[in-house]
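*Asks:* Pasting in a structure now, in structure tokens, and then I'll have a few things to ask.
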Amino acid sequence: MSKVGGALPSWYWPVGIPRRVPVVQQPLSKVLRQRLTAAAAKPAVVRGDLTLSGAELLEQVQSVAGGLQASASKGPFAVLDPDPLESLVLLLAGLFAGRQIFLPESDDRGEQLASRVAEAGAAAALTASGPGQFETAGLETIRKAELGGAYNQAAGPRRAVEPAVLLSSRRGVVSHSHFSLSAMAASMAAFIPELRETAFVWSESALGSWEALTGILLALLHGMPIVFTGLDDSAEEWSRRLERSFYLMMHRRQADAMLARGRAAPMVTGAKHVFVSTGCFDSRWRARLETECGRPIFTVWGLPELGPVVAPHPTWLPPHGHGFPLVNVSLVPLDPGSGRVSIVPWEMLERAEMGVEALSAMLGYAEAARNAGIKSGTALRTRQIASMDHVGVVVLHYDESAGGDNAGG
């Protein structure tokens, strides 16, 4: 694992960007209520021809939240709707009502979805028009139209550390608090401050990923619009409609699909920044993608357990690596075999397992037995093999002994 010699890292860090920032110690319901009220007349979410202002979104969310507070169903709710806007309203309503929400990811289907829903302990499915591709048996279905009532703010969540959202991961269903979700958005906003003034575009129907939640919450907390649209829409039209620039987050499979068809999507070429969530990659793949898109690509890495962990900065996009640990994130080298913290620093190691200390870390897995051995000291084990060069650039490596578990997206 170690190598002989090695220079001390210069630890490149963007000028003016802090290493640490505070994260709000209040439930998201309280913070979002304030933000949406302050941005009452501004567009909050857009899908097709439909635009909801901050006031309109807040009104819908509080009405549905009142219905959830009055619901006799106990336990978490699974949001199973194919419309991302409707899913967003149901998600926020759960946050306001103080009820945990399970959000499926795009790949959750059939038996896998049913298994995830059961592991999350969901008591009922929430939907607006019907579950669509998220069809699953065994759950009571509650439609959005059936939910309504006076929202009781006093009956909502009281502490930021209360569980809020459940997400699928390769190792099981993970539970996040209001605080850890806020920390995801705070980490990205502090690392790239211009995102606070940029609209966020999400092109998939499912919201059950750290990528979607990070962008959505960052936008809502800073009064920016969220746009649900396809990548093949007109970027110029959206820029005119929004009267501002936008950025987007893609999964690796979407980037690979563009390479396969030999044509970049209009929204990709017209975005201010393009993030691609991916695991291991080589510089040739990135160069091909950037050539096809005619623009720099931000390769970002994270996990459902942690949210965003590593990304490049606009002032430096290293072609061979993912980038740098984000604000409020520390990487700890671990011995891949034993999981123990290495006494040898990153710059003296050929590679090591990446342990992560982050304010955005999950509360734990929904299934308690899965929590055994997930930490080494204060760092969460990722099973991801990585190296860090003399200036602090993080490179991910595929570890065959892990059976593909850390190969990334």
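Residue numbering restarts at 1 in every chain; chains get A, B, ... in the order shown in the structure tokens, and ligands count up from 1 in that same order.
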Report as a list in words: the residues of range 160-222 of chain A with a DSSP assignment of alpha helix (DSSP H), based on the backbone of this structure.
*Replies:* His178, Phe179, Ser180, Leu181, Ser182, Ala183, Met184, Ala185, Ala186, Ser187, Met188, Ala189, Ala190, Phe191, Trp210, Glu211, Ala212, Leu213, Thr214, Gly215, Ile216, Leu217, Leu218, Ala219, Leu220 and Leu221 of chain A
*Asks:* Name all residues at most 12 Å from His222 in chain A (count only C-alpha atoms; drop same-chain ones fewer than 6 positions away) and give them as a list in words.
*Replies:* Val31, Leu32, Gln34, Arg35, Leu36, Thr37, Ala38, Ala39, Lys42, Ala44, Gly54, Ser182, Ala185, Ala186, Ala189, Pro193, Glu194, Leu195, Arg196, Glu197, Thr198, Ala199, Phe200, Gly215 and Ile216 of chain A
*Asks:* Please provide the set of residues having any atom within 10 Å of Asp232 in chain A, restricted to only C-alpha atoms, with same-chain residues fewer than 3 positions apart removed, written as a ChimeraX atom specification.
*Replies:* /A:203,229,235,264-268
*Asks:* Determine, for each residue of range 15-69 of chain A having at least one atom at most 8 Å from an atom of range 90-102 of chain A, the closest pair of atoms and their separation in Å to one decimal, counting only C-alpha atoms; order by chain and ascending number, as JSON lines.
*Replies:*
{"residue": "A:Leu28", "atom": "CA", "partner": "A:Leu95", "partner_atom": "CA", "distance": 6.9}
{"residue": "A:Ser29", "atom": "CA", "partner": "A:Phe96", "partner_atom": "CA", "distance": 4.7}
{"residue": "A:Lys30", "atom": "CA", "partner": "A:Phe96", "partner_atom": "CA", "distance": 7.8}
{"residue": "A:Val61", "atom": "CA", "partner": "A:Ala93", "partner_atom": "CA", "distance": 4.8}
{"residue": "A:Gln62", "atom": "CA", "partner": "A:Ala93", "partner_atom": "CA", "distance": 6.3}
{"residue": "A:Ser63", "atom": "CA", "partner": "A:Ala93", "partner_atom": "CA", "distance": 8.0}
{"residue": "A:Val64", "atom": "CA", "partner": "A:Ala93", "partner_atom": "CA", "distance": 5.7}
{"residue": "A:Ala65", "atom": "CA", "partner": "A:Ala93", "partner_atom": "CA", "distance": 4.3}
{"residue": "A:Gly66", "atom": "CA", "partner": "A:Ala97", "partner_atom": "CA", "distance": 6.9}
{"residue": "A:Leu68", "atom": "CA", "partner": "A:Ala97", "partner_atom": "CA", "distance": 6.4}
{"residue": "A:Gln69", "atom": "CA", "partner": "A:Ala97", "partner_atom": "CA", "distance": 5.7}
*Asks:* Could you save the residues just selected, with N, CA and C atoms, as a PDB file, in the first residue's frame?
*Replies:*
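Result went into again-v5.pdb, see below:
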ATOM      1  N   LEU A  28     -35.356  21.279   8.031  1.00  0.00           N
ATOM      2  CA  LEU A  28     -35.519  21.848   6.691  1.00  0.00           C
ATOM      3  C   LEU A  28     -36.881  22.496   6.520  1.00  0.00           C
ATOM      4  N   SER A  29     -37.891  21.985   7.195  1.00  0.00           N
ATOM      5  CA  SER A  29     -39.229  22.571   7.079  1.00  0.00           C
ATOM      6  C   SER A  29     -39.233  24.031   7.496  1.00  0.00           C
ATOM      7  N   LYS A  30     -38.554  24.338   8.576  1.00  0.00           N
ATOM      8  CA  LYS A  30     -38.515  25.718   9.064  1.00  0.00           C
ATOM      9  C   LYS A  30     -37.717  26.610   8.117  1.00  0.00           C
ATOM     10  N   VAL A  61     -47.383  22.390  -0.616  1.00  0.00           N
ATOM     11  CA  VAL A  61     -46.628  21.565   0.334  1.00  0.00           C
ATOM     12  C   VAL A  61     -47.300  21.561   1.696  1.00  0.00           C
ATOM     13  N   GLN A  62     -47.709  22.724   2.178  1.00  0.00           N
ATOM     14  CA  GLN A  62     -48.310  22.799   3.513  1.00  0.00           C
ATOM     15  C   GLN A  62     -49.673  22.119   3.549  1.00  0.00           C
ATOM     16  N   SER A  63     -50.426  22.204   2.462  1.00  0.00           N
ATOM     17  CA  SER A  63     -51.719  21.530   2.413  1.00  0.00           C
ATOM     18  C   SER A  63     -51.554  20.013   2.493  1.00  0.00           C
ATOM     19  N   VAL A  64     -50.622  19.477   1.685  1.00  0.00           N
ATOM     20  CA  VAL A  64     -50.374  18.033   1.704  1.00  0.00           C
ATOM     21  C   VAL A  64     -49.776  17.617   3.042  1.00  0.00           C
ATOM     22  N   ALA A  65     -48.899  18.443   3.593  1.00  0.00           N
ATOM     23  CA  ALA A  65     -48.295  18.140   4.896  1.00  0.00           C
ATOM     24  C   ALA A  65     -49.365  18.043   5.976  1.00  0.00           C
ATOM     25  N   GLY A  66     -50.377  18.929   5.906  1.00  0.00           N
ATOM     26  CA  GLY A  66     -51.471  18.853   6.860  1.00  0.00           C
ATOM     27  C   GLY A  66     -52.194  17.527   6.758  1.00  0.00           C
ATOM     28  N   LEU A  68     -50.841  14.690   5.703  1.00  0.00           N
ATOM     29  CA  LEU A  68     -49.947  13.657   6.229  1.00  0.00           C
ATOM     30  C   LEU A  68     -49.956  13.649   7.755  1.00  0.00           C
ATOM     31  N   GLN A  69     -50.045  14.828   8.343  1.00  0.00           N
ATOM     32  CA  GLN A  69     -50.105  14.894   9.801  1.00  0.00           C
ATOM     33  C   GLN A  69     -51.364  14.229  10.341  1.00  0.00           C
TER      34      GLN A  69
END
*Asks:* Quick one: residues within 8 Å of range 269-284 of chain A, only C-alpha atoms, excluding same-chain residues fewer than 4 positions away - as number ranges by chain?
*Replies:* A: 211, 235-236, 245-252, 255, 264-265, 288, 293-302, 319-321, 395-398, 406-409
*Asks:* How would the residues just picked look written out with N, CA, C and O atoms as a tab-separated table (two decimals), in the first residue's frame?
*Replies:*
chain	number	residue	atom	x	y	z
A	211	GLU	N	-27.55	13.06	-5.84
A	211	GLU	CA	-27.36	14.07	-6.87
A	211	GLU	C	-28.58	14.97	-6.99
A	211	GLU	O	-28.47	16.20	-7.05
A	235	ALA	N	-31.68	24.65	-24.95
A	235	ALA	CA	-30.99	25.38	-23.89
A	235	ALA	C	-31.26	26.88	-23.99
A	235	ALA	O	-31.43	27.57	-22.98
A	236	GLU	N	-31.30	27.40	-25.22
A	236	GLU	CA	-31.55	28.83	-25.41
A	236	GLU	C	-32.93	29.22	-24.89
A	236	GLU	O	-33.10	30.27	-24.26
A	245	SER	N	-28.62	31.75	-16.11
A	245	SER	CA	-27.94	30.53	-16.53
A	245	SER	C	-28.40	29.36	-15.67
A	245	SER	O	-29.03	29.54	-14.62
A	246	PHE	N	-28.06	28.15	-16.11
A	246	PHE	CA	-28.43	26.95	-15.36
A	246	PHE	C	-27.27	25.96	-15.37
A	246	PHE	O	-26.38	26.03	-16.22
A	247	TYR	N	-27.28	25.07	-14.41
A	247	TYR	CA	-26.31	23.97	-14.39
A	247	TYR	C	-27.09	22.68	-14.25
A	247	TYR	O	-28.27	22.67	-13.87
A	248	LEU	N	-26.45	21.58	-14.57
A	248	LEU	CA	-27.14	20.30	-14.47
A	248	LEU	C	-26.22	19.22	-13.95
A	248	LEU	O	-24.99	19.34	-14.00
A	249	MET	N	-26.84	18.18	-13.42
A	249	MET	CA	-26.13	17.01	-12.91
A	249	MET	C	-26.62	15.80	-13.69
A	249	MET	O	-27.82	15.55	-13.78
A	250	MET	N	-25.68	15.07	-14.27
A	250	MET	CA	-26.01	13.85	-15.01
A	250	MET	C	-25.38	12.64	-14.34
A	250	MET	O	-24.36	12.75	-13.65
A	251	HIS	N	-25.99	11.48	-14.58
A	251	HIS	CA	-25.36	10.24	-14.18
A	251	HIS	C	-24.43	9.76	-15.29
A	251	HIS	O	-24.56	10.15	-16.45
A	252	ARG	N	-23.50	8.89	-14.95
A	252	ARG	CA	-22.54	8.36	-15.91
A	252	ARG	C	-23.25	7.71	-17.10
A	252	ARG	O	-22.82	7.84	-18.25
A	255	ALA	N	-24.11	10.22	-19.70
A	255	ALA	CA	-22.94	10.68	-20.45
A	255	ALA	C	-22.49	9.63	-21.46
A	255	ALA	O	-22.16	9.95	-22.61
A	264	ALA	N	-23.90	15.52	-28.51
A	264	ALA	CA	-24.18	16.06	-27.18
A	264	ALA	C	-25.58	16.65	-27.15
A	264	ALA	O	-26.06	17.23	-28.13
A	265	ALA	N	-26.26	16.48	-26.04
A	265	ALA	CA	-27.60	17.02	-25.87
A	265	ALA	C	-27.54	18.54	-25.78
A	265	ALA	O	-26.59	19.11	-25.21
A	288	ARG	N	-12.83	12.47	-24.43
A	288	ARG	CA	-13.84	12.21	-25.47
A	288	ARG	C	-15.13	12.94	-25.14
A	288	ARG	O	-15.76	13.53	-26.03
A	293	CYS	N	-18.92	17.33	-26.11
A	293	CYS	CA	-19.77	18.38	-25.55
A	293	CYS	C	-19.24	19.78	-25.82
A	293	CYS	O	-19.97	20.77	-25.65
A	294	GLY	N	-17.97	19.88	-26.18
A	294	GLY	CA	-17.39	21.19	-26.45
A	294	GLY	C	-17.27	22.06	-25.22
A	294	GLY	O	-17.36	23.29	-25.31
A	295	ARG	N	-17.03	21.43	-24.08
A	295	ARG	CA	-17.00	22.19	-22.83
A	295	ARG	C	-16.33	21.34	-21.74
A	295	ARG	O	-16.25	20.11	-21.86
A	296	PRO	N	-15.88	21.96	-20.65
A	296	PRO	CA	-15.34	21.19	-19.52
A	296	PRO	C	-16.44	20.38	-18.83
A	296	PRO	O	-17.60	20.80	-18.80
A	297	ILE	N	-16.07	19.25	-18.31
A	297	ILE	CA	-17.01	18.38	-17.57
A	297	ILE	C	-16.50	18.23	-16.15
A	297	ILE	O	-15.33	17.93	-15.92
A	298	PHE	N	-17.39	18.43	-15.20
A	298	PHE	CA	-17.06	18.29	-13.78
A	298	PHE	C	-17.40	16.86	-13.35
A	298	PHE	O	-18.58	16.52	-13.23
A	299	THR	N	-16.39	16.04	-13.11
A	299	THR	CA	-16.64	14.69	-12.63
A	299	THR	C	-16.77	14.73	-11.11
A	299	THR	O	-15.83	15.11	-10.41
A	300	VAL	N	-17.93	14.37	-10.61
A	300	VAL	CA	-18.20	14.43	-9.18
A	300	VAL	C	-18.46	13.02	-8.66
A	300	VAL	O	-19.06	12.20	-9.35
A	301	TRP	N	-17.96	12.74	-7.47
A	301	TRP	CA	-18.16	11.42	-6.88
A	301	TRP	C	-18.79	11.57	-5.50
A	301	TRP	O	-18.43	12.45	-4.72
A	302	GLY	N	-19.74	10.69	-5.23
A	302	GLY	CA	-20.37	10.67	-3.92
A	302	GLY	C	-21.07	9.35	-3.73
A	302	GLY	O	-21.02	8.45	-4.58
A	319	PRO	N	-7.48	16.69	-15.42
A	319	PRO	CA	-7.99	15.71	-16.39
A	319	PRO	C	-7.89	14.27	-15.94
A	319	PRO	O	-8.65	13.42	-16.40
A	320	HIS	N	-6.97	13.98	-15.01
A	320	HIS	CA	-6.73	12.59	-14.63
A	320	HIS	C	-7.44	12.19	-13.36
A	320	HIS	O	-7.41	11.02	-12.98
A	321	GLY	N	-8.07	13.12	-12.66
A	321	GLY	CA	-8.67	12.80	-11.37
A	321	GLY	C	-10.03	13.43	-11.19
A	321	GLY	O	-10.49	14.24	-12.01
A	395	VAL	N	-7.77	10.58	-7.15
A	395	VAL	CA	-8.01	9.68	-8.27
A	395	VAL	C	-8.62	8.40	-7.71
A	395	VAL	O	-8.10	7.84	-6.73
A	396	LEU	N	-9.71	7.94	-8.30
A	396	LEU	CA	-10.35	6.70	-7.89
A	396	LEU	C	-9.79	5.53	-8.69
A	396	LEU	O	-9.49	5.68	-9.87
A	397	HIS	N	-9.69	4.38	-8.04
A	397	HIS	CA	-9.15	3.19	-8.68
A	397	HIS	C	-10.12	2.03	-8.52
A	397	HIS	O	-10.77	1.90	-7.48
A	398	TYR	N	-10.20	1.20	-9.55
A	398	TYR	CA	-11.03	0.01	-9.49
A	398	TYR	C	-10.27	-1.08	-8.74
A	398	TYR	O	-9.12	-1.36	-9.04
A	406	ASN	N	-16.86	-1.03	-5.84
A	406	ASN	CA	-16.41	0.37	-5.83
A	406	ASN	C	-16.09	0.89	-7.23
A	406	ASN	O	-15.34	1.83	-7.41
A	407	ALA	N	-16.68	0.26	-8.21
A	407	ALA	CA	-16.37	0.69	-9.57
A	407	ALA	C	-17.06	1.98	-9.96
A	407	ALA	O	-16.68	2.64	-10.91
A	408	GLY	N	-18.05	2.36	-9.20
A	408	GLY	CA	-18.72	3.63	-9.47
A	408	GLY	C	-19.74	3.50	-10.57
A	408	GLY	O	-20.07	2.42	-11.04
A	409	GLY	N	-20.30	4.69	-10.97
A	409	GLY	CA	-21.43	4.69	-11.90
A	409	GLY	C	-21.01	4.44	-13.31
A	409	GLY	O	-20.13	4.96	-13.85
*Asks:* Using only C-alpha atoms, which protein or nucleic acid residues come within 10 Å of Thr378 in chain A? Drop anything in the same chain fewer than 5 positions from it, and give the result as number ranges by chain.
*Replies:* A: 332, 341, 355-358
*Asks:* Write out, as a PDB file, in the first residue's frame, the residues just selected, with N, CA and C atoms.
*Replies:*
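New file again38.pdb:
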ATOM      1  N   VAL A 332      -9.824  10.210   4.804  1.00  0.00           N
ATOM      2  CA  VAL A 332      -8.916   9.509   5.712  1.00  0.00           C
ATOM      3  C   VAL A 332      -8.445   8.226   5.035  1.00  0.00           C
ATOM      4  N   VAL A 341      -7.258   2.926  10.229  1.00  0.00           N
ATOM      5  CA  VAL A 341      -6.715   4.188   9.738  1.00  0.00           C
ATOM      6  C   VAL A 341      -5.216   4.045   9.535  1.00  0.00           C
ATOM      7  N   GLY A 355     -11.676   6.609   3.517  1.00  0.00           N
ATOM      8  CA  GLY A 355     -12.604   6.841   4.612  1.00  0.00           C
ATOM      9  C   GLY A 355     -13.025   8.300   4.556  1.00  0.00           C
ATOM     10  N   VAL A 356     -14.285   8.574   4.854  1.00  0.00           N
ATOM     11  CA  VAL A 356     -14.797   9.936   4.699  1.00  0.00           C
ATOM     12  C   VAL A 356     -15.406  10.434   6.001  1.00  0.00           C
ATOM     13  N   GLU A 357     -14.954  11.599   6.411  1.00  0.00           N
ATOM     14  CA  GLU A 357     -15.592  12.334   7.501  1.00  0.00           C
ATOM     15  C   GLU A 357     -16.320  13.518   6.877  1.00  0.00           C
ATOM     16  N   ALA A 358     -17.626  13.591   7.064  1.00  0.00           N
ATOM     17  CA  ALA A 358     -18.411  14.654   6.429  1.00  0.00           C
ATOM     18  C   ALA A 358     -19.637  14.958   7.274  1.00  0.00           C
TER      19      ALA A 358
END
*Asks:* Out of A:Lys74, A:Arg383, A:Arg47, A:His322, which residue has the shortest atom-to-atom distance to Glu86 in chain A when counting only C-alpha atoms?
*Replies:*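 Of A:Lys74, A:Arg383, A:Arg47, A:His322, the one nearest Glu86 in chain A, counting only C-alpha atoms, is A:Arg47.
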*Asks:* Work out how far apart CA of Val201 in chain A and CA of Gly148 in chain A are and give it in Å to one decimal.
*Replies:*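 If I compute the distance from CA of Val201 in chain A to CA of Gly148 in chain A, I get 29.0 Å.
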*Asks:* Could you tell me how far CA of Ala183 in chain A sits from CA of Val24 in chain A, in Å to one decimal place?
*Replies:*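 It comes out at 8.1 Å.
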*Asks:* Report as a tab-separated table the residues of range 153-241 of chain A within 7 Å of range 113-120 of chain A, each with its shortest atom pair and distance in Å (one decimal), using only C-alpha atoms, ordered by chain and increasing residue number.
*Replies:*
residue	atom	partner	partner_atom	distance
A:Leu166	CA	A:Ala120	CA	6.9
A:Ser168	CA	A:Arg116	CA	6.9
A:Val173	CA	A:Ala120	CA	6.2
*Asks:* Emit the selected residues as a short mmCIF file (atom, residue, chain, number, x, y, z; two decimals), in the first residue's frame, including all heavy atoms.
*Replies:*
data_model
loop_
_atom_site.label_atom_id
_atom_site.label_comp_id
_atom_site.auth_asym_id
_atom_site.auth_seq_id
_atom_site.Cartn_x
_atom_site.Cartn_y
_atom_site.Cartn_z
N LEU A 166 -35.13 8.55 3.24
CA LEU A 166 -34.53 7.24 3.05
C LEU A 166 -34.19 7.06 1.57
O LEU A 166 -35.02 7.34 0.70
CB LEU A 166 -35.48 6.13 3.50
CG LEU A 166 -35.81 6.13 5.00
CD1 LEU A 166 -37.19 5.54 5.23
CD2 LEU A 166 -34.75 5.36 5.77
N SER A 168 -32.02 4.53 -1.50
CA SER A 168 -31.42 3.24 -1.83
C SER A 168 -29.92 3.40 -2.02
O SER A 168 -29.45 4.41 -2.56
CB SER A 168 -32.03 2.68 -3.13
OG SER A 168 -33.39 2.38 -2.97
N VAL A 173 -30.79 0.39 2.46
CA VAL A 173 -31.50 1.67 2.53
C VAL A 173 -30.86 2.55 3.60
O VAL A 173 -30.67 2.11 4.74
CB VAL A 173 -32.99 1.45 2.84
CG1 VAL A 173 -33.70 2.77 3.06
CG2 VAL A 173 -33.65 0.68 1.69
#
*Asks:* When you look at Ile385 in chain A with a cut-off of 6 Å (counting only C-alpha atoms), what residues show up, excluding the ones that are within fewer than 2 positions of it in the same chain? I need them as a ChimeraX atom specification.
*Replies:* /A:352-354,397
*Asks:* Of the candidates A:Val15, A:Ala164, A:Ile343, A:Ile226, which one gets nearest to Pro27 in chain A if we count only C-alpha atoms?
*Replies:*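 Of all the options, A:Ala164 lies closest to Pro27 in chain A.
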*Asks:* CA of Pro336 in chain A and CA of Ala366 in chain A are how many Å apart?
*Replies:* 25.0 Å
*Asks:* If you run DSSP on the backbone here, which positions in range 169-370 of chain A get strand (DSSP E or B)? Please write them as an NGL selection string.
*Replies:* :A and (169 or 172-177 or 199-202 or 226-228 or 246-251 or 273-277 or 298-303 or 307-311 or 313 or 316 or 323-325 or 329-334 or 341 or 349 or 352-358 or 364-365)
*Asks:* Pick out the closest residue to Leu58 in chain A from this set: A:Phe77, A:Trp13, A:Tyr151, A:Phe179. Count only C-alpha atoms.
*Replies:*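 Result for the nearest residue to Leu58 in chain A: A:Tyr151.
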*Asks:* What's around Ser129 in chain A at 10 Å? Count only C-alpha atoms, leave out sequence neighbours fewer than 5 positions away in its own chain, and write the answer as a PyMOL selection string.
*Replies:* chain A and resi 80-83+86+143-145
